[in-house]
Amino acid sequence: MKILVTGATGALGSRLVPLLNAAGHTVTGTTTSEAKTERLRAAGAEPVVLDVLDAAAVRAAVANAAPEVIVHEATALSQQTSLSARDLRRLDTVFATTNRLRSEGTDNLLAAAAETGTRRFIAQSFAGWPYKREGGLIKTEDDPLDTTPPPGTEQSLGAMKHLEEAVTSAPGIEGIVLRYGGFYGPGTTIYPGGEQAEMVRKRLLPLVGRGEGVISLIHIDDAAAATAAAVERGTPGIYNITDDDPAAQKEWLPRLAAAMGARPPRRLPVWLARLAAGKWVTTVMTEGRGAANDKAKRELGWQPGHPTWREGFTEVFAAR
């Protein structure tokens, strides 16, 4: 099949393109950097320099590639070279460009896909914190998303909701949304030298309260494999792409520190965390929900190669 991948040089896109090429697909990959085009060629993709927010350029690129499937993985997350507690207090500001890529960029691609006759459209969403913070700790795709997000995250959650609604309701297109868990592994923030790993190493990412909030994680290679599976299989709809082991903050953060050979994370009372890092971090740490991956395994014929982050962390940091 002919496939167009946006964000093809990002953490996930760079792992996905070789998989699609190896499966015999004809891949066009987009990047915002001319300097990265040779990397795409080496991975087996035809490179296109494209700003997904430029509707006219998107229309031309999609028409030229004539893809049967579009995989929308474009974010601006790689532009964030460092994060601080202050950044975590203003998530909407930090993620402003990514939010536009998830809203305006998705709309541009869907419009071009409709004009070109693209059959399937796959887009990246997130399972890390958007689920409603009530009821059970592990959520399925049928559970509702948050309706009262912490202050400063309303636009980020709104962009994800827009993307999911637009993709799954696009007429004449098989729309699939992949809600990925928190990435770890090569090219992500949880990897030797990565932002989040460095915050843990420097003890700048504390446990808040009892650390009972839950998050689901996924090795970047497993996320890419699930995405490649969704290109060929799966009914339209939403899929959680996570490992088999949703983790409480009090479990995975100390385990990550140990895998890195770092000191255990500090502990902060809830009231102090709200002052130091803001309500979003406090909420995720104390009330976050994990995500079940049963639907993805059943309908995509996919199994995570790293079923649990416990062994995954050990592998990722073994050669530190």
# chains A, B, ... in the order shown; residues from 1 in each chain; ligands from 1
>>> select_by_dssp(residues="region 107-193 of chain A", states="strand (DSSP E)", output="list in words")
Arg120, Phe121, Ile122, Ala123, Gln124, Ser125, Phe126, Ile138, Lys139, Glu174, Gly175, Ile176, Val177, Leu178, Arg179, Tyr180, Gly182, Phe183 and Tyr184 of chain A
>>> write_last_selection(atoms="N, CA and C atoms", output="PDB file, in the first residue's frame")
ATOM      1  N   ARG A 120      -7.905   5.048   4.710  1.00  0.00           N
ATOM      2  CA  ARG A 120      -7.757   4.895   6.167  1.00  0.00           C
ATOM      3  C   ARG A 120      -6.906   6.022   6.720  1.00  0.00           C
ATOM      4  N   PHE A 121      -7.264   6.491   7.921  1.00  0.00           N
ATOM      5  CA  PHE A 121      -6.561   7.599   8.562  1.00  0.00           C
ATOM      6  C   PHE A 121      -6.301   7.205  10.011  1.00  0.00           C
ATOM      7  N   ILE A 122      -5.027   7.178  10.392  1.00  0.00           N
ATOM      8  CA  ILE A 122      -4.625   6.788  11.749  1.00  0.00           C
ATOM      9  C   ILE A 122      -3.971   7.986  12.417  1.00  0.00           C
ATOM     10  N   ALA A 123      -4.384   8.295  13.646  1.00  0.00           N
ATOM     11  CA  ALA A 123      -3.856   9.473  14.317  1.00  0.00           C
ATOM     12  C   ALA A 123      -3.460   9.179  15.753  1.00  0.00           C
ATOM     13  N   GLN A 124      -2.472   9.924  16.217  1.00  0.00           N
ATOM     14  CA  GLN A 124      -1.912   9.760  17.557  1.00  0.00           C
ATOM     15  C   GLN A 124      -2.693  10.549  18.594  1.00  0.00           C
ATOM     16  N   SER A 125      -3.134   9.857  19.648  1.00  0.00           N
ATOM     17  CA  SER A 125      -3.681  10.516  20.828  1.00  0.00           C
ATOM     18  C   SER A 125      -2.924   9.981  22.043  1.00  0.00           C
ATOM     19  N   PHE A 126      -3.481  10.167  23.228  1.00  0.00           N
ATOM     20  CA  PHE A 126      -2.712   9.871  24.440  1.00  0.00           C
ATOM     21  C   PHE A 126      -3.608   9.252  25.499  1.00  0.00           C
ATOM     22  N   ILE A 138      -8.252   1.452  36.047  1.00  0.00           N
ATOM     23  CA  ILE A 138      -7.839   1.046  34.704  1.00  0.00           C
ATOM     24  C   ILE A 138      -9.016   1.257  33.755  1.00  0.00           C
ATOM     25  N   LYS A 139      -8.807   2.045  32.706  1.00  0.00           N
ATOM     26  CA  LYS A 139      -9.897   2.452  31.816  1.00  0.00           C
ATOM     27  C   LYS A 139      -9.801   1.770  30.444  1.00  0.00           C
ATOM     28  N   GLU A 174     -11.896   5.338   7.014  1.00  0.00           N
ATOM     29  CA  GLU A 174     -11.757   4.458   8.163  1.00  0.00           C
ATOM     30  C   GLU A 174     -10.842   5.152   9.171  1.00  0.00           C
ATOM     31  N   GLY A 175     -11.438   5.797  10.159  1.00  0.00           N
ATOM     32  CA  GLY A 175     -10.678   6.574  11.127  1.00  0.00           C
ATOM     33  C   GLY A 175     -10.287   5.751  12.340  1.00  0.00           C
ATOM     34  N   ILE A 176      -9.006   5.733  12.640  1.00  0.00           N
ATOM     35  CA  ILE A 176      -8.491   5.006  13.800  1.00  0.00           C
ATOM     36  C   ILE A 176      -7.655   5.952  14.657  1.00  0.00           C
ATOM     37  N   VAL A 177      -7.968   5.988  15.943  1.00  0.00           N
ATOM     38  CA  VAL A 177      -7.208   6.792  16.899  1.00  0.00           C
ATOM     39  C   VAL A 177      -6.454   5.844  17.821  1.00  0.00           C
ATOM     40  N   LEU A 178      -5.161   6.073  17.964  1.00  0.00           N
ATOM     41  CA  LEU A 178      -4.325   5.269  18.854  1.00  0.00           C
ATOM     42  C   LEU A 178      -3.962   6.112  20.073  1.00  0.00           C
ATOM     43  N   ARG A 179      -4.506   5.719  21.215  1.00  0.00           N
ATOM     44  CA  ARG A 179      -4.171   6.387  22.473  1.00  0.00           C
ATOM     45  C   ARG A 179      -2.953   5.694  23.069  1.00  0.00           C
ATOM     46  N   TYR A 180      -1.783   6.270  22.811  1.00  0.00           N
ATOM     47  CA  TYR A 180      -0.550   5.675  23.302  1.00  0.00           C
ATOM     48  C   TYR A 180      -0.368   5.947  24.790  1.00  0.00           C
ATOM     49  N   GLY A 182       2.496   6.384  27.973  1.00  0.00           N
ATOM     50  CA  GLY A 182       3.715   7.171  28.057  1.00  0.00           C
ATOM     51  C   GLY A 182       4.877   6.431  27.416  1.00  0.00           C
ATOM     52  N   PHE A 183       5.553   7.082  26.473  1.00  0.00           N
ATOM     53  CA  PHE A 183       6.641   6.440  25.742  1.00  0.00           C
ATOM     54  C   PHE A 183       7.903   6.325  26.602  1.00  0.00           C
ATOM     55  N   TYR A 184       8.616   5.205  26.421  1.00  0.00           N
ATOM     56  CA  TYR A 184       9.990   5.100  26.900  1.00  0.00           C
ATOM     57  C   TYR A 184      10.794   4.322  25.868  1.00  0.00           C
TER      58      TYR A 184
END
>>> select_by_dssp(residues="region 61-143 of chain A", states="alpha helix (DSSP H)", output="ChimeraX atom specification")
/A:61-65,85-89,91-94,96-100,106-116
>>> write_last_selection(atoms="N, CA and C atoms", output="short mmCIF file (atom, residue, chain, number, x, y, z; two decimals), in the first residue's frame")
data_model
loop_
_atom_site.label_atom_id
_atom_site.label_comp_id
_atom_site.auth_asym_id
_atom_site.auth_seq_id
_atom_site.Cartn_x
_atom_site.Cartn_y
_atom_site.Cartn_z
N ALA A 61 0.77 17.97 -1.02
CA ALA A 61 1.59 16.81 -0.66
C ALA A 61 0.76 15.52 -0.68
N VAL A 62 -0.46 15.59 -0.16
CA VAL A 62 -1.31 14.41 -0.14
C VAL A 62 -1.72 14.02 -1.56
N ALA A 63 -2.04 15.01 -2.38
CA ALA A 63 -2.40 14.72 -3.77
C ALA A 63 -1.25 14.07 -4.51
N ASN A 64 -0.04 14.52 -4.25
CA ASN A 64 1.13 13.97 -4.94
C ASN A 64 1.43 12.55 -4.47
N ALA A 65 1.29 12.30 -3.17
CA ALA A 65 1.58 10.97 -2.63
C ALA A 65 0.46 9.97 -2.91
N ALA A 85 9.80 22.42 36.52
CA ALA A 85 8.54 22.42 37.26
C ALA A 85 7.63 23.54 36.77
N ARG A 86 8.24 24.66 36.36
CA ARG A 86 7.44 25.76 35.84
C ARG A 86 6.72 25.36 34.55
N ASP A 87 7.43 24.63 33.69
CA ASP A 87 6.81 24.17 32.44
C ASP A 87 5.59 23.30 32.73
N LEU A 88 5.69 22.45 33.73
CA LEU A 88 4.61 21.53 34.04
C LEU A 88 3.40 22.26 34.60
N ARG A 89 3.58 23.49 35.06
CA ARG A 89 2.45 24.30 35.55
C ARG A 89 1.68 24.93 34.40
N LEU A 91 1.08 23.64 31.03
CA LEU A 91 1.11 22.60 30.00
C LEU A 91 0.57 23.12 28.68
N ASP A 92 -0.52 23.88 28.70
CA ASP A 92 -1.11 24.37 27.46
C ASP A 92 -0.15 25.27 26.69
N THR A 93 0.66 26.04 27.39
CA THR A 93 1.63 26.90 26.73
C THR A 93 2.75 26.06 26.11
N VAL A 94 3.26 25.10 26.86
CA VAL A 94 4.34 24.25 26.38
C VAL A 94 3.90 23.43 25.17
N ALA A 96 1.47 24.18 23.02
CA ALA A 96 0.63 24.98 22.13
C ALA A 96 0.74 24.54 20.66
N THR A 97 1.95 24.34 20.17
CA THR A 97 2.11 23.94 18.77
C THR A 97 1.60 22.52 18.54
N THR A 98 1.89 21.64 19.46
CA THR A 98 1.37 20.27 19.34
C THR A 98 -0.15 20.26 19.34
N ASN A 99 -0.75 21.12 20.16
CA ASN A 99 -2.21 21.21 20.18
C ASN A 99 -2.75 21.67 18.83
N ARG A 100 -2.06 22.59 18.19
CA ARG A 100 -2.48 23.03 16.86
C ARG A 100 -2.32 21.90 15.83
N THR A 106 -4.75 18.10 11.95
CA THR A 106 -5.63 16.97 11.66
C THR A 106 -6.70 17.36 10.66
N ASP A 107 -7.30 18.53 10.86
CA ASP A 107 -8.34 18.98 9.92
C ASP A 107 -7.78 19.14 8.51
N ASN A 108 -6.57 19.71 8.39
CA ASN A 108 -5.96 19.87 7.07
C ASN A 108 -5.74 18.53 6.40
N LEU A 109 -5.24 17.57 7.14
CA LEU A 109 -4.96 16.25 6.57
C LEU A 109 -6.24 15.51 6.20
N LEU A 110 -7.25 15.62 7.04
CA LEU A 110 -8.52 14.94 6.73
C LEU A 110 -9.17 15.53 5.48
N ALA A 111 -9.09 16.86 5.33
CA ALA A 111 -9.66 17.49 4.14
C ALA A 111 -8.93 17.03 2.89
N ALA A 112 -7.60 16.97 2.97
CA ALA A 112 -6.82 16.51 1.83
C ALA A 112 -7.07 15.03 1.55
N ALA A 113 -7.22 14.24 2.61
CA ALA A 113 -7.50 12.82 2.44
C ALA A 113 -8.82 12.60 1.72
N ALA A 114 -9.82 13.40 2.07
CA ALA A 114 -11.13 13.28 1.42
C ALA A 114 -11.04 13.62 -0.07
N GLU A 115 -10.26 14.63 -0.39
CA GLU A 115 -10.11 15.03 -1.79
C GLU A 115 -9.38 13.96 -2.60
N THR A 116 -8.43 13.29 -1.97
CA THR A 116 -7.57 12.34 -2.68
C THR A 116 -8.13 10.93 -2.70
#
>>> residues_around(residues="region 43-54 of chain A", least_positions_apart="2", cutoff="8 Å", atoms="only C-alpha atoms", output="list in words")
Thr6, Val17, Pro18, Asn21, Thr26, Val27, Thr28, Gly29, Thr30, Thr31, Thr32, Ser33, Glu34, Thr37, Glu38, Arg39, Leu40, Arg41, Ala56, Ala57, Val58, Ala61, Ala74, Arg100, Leu101, Glu104, Gly105, Asn108 and Leu109 of chain A
>>> closest_residue(among="A:Thr148, A:Thr283, A:Gln303, A:Gln196", to="Asp222 (chain A)", atoms="only C-alpha atoms")
A:Gln303
>>> atom_distance(atom1="CA of Thr308 (chain A)", atom2="CA of Asp245 (chain A)")
5.2 Å
>>> residues_around(residues="Gly24 (chain A)", least_positions_apart="4", cutoff="9 Å", atoms="only C-alpha atoms", output="ChimeraX atom specification")
/A:1,19-20
>>> closest_residue(among="A:His72, A:Arg266, A:Arg119, A:Arg289", to="Ala248 (chain A)", atoms="only C-alpha atoms")
A:Arg289
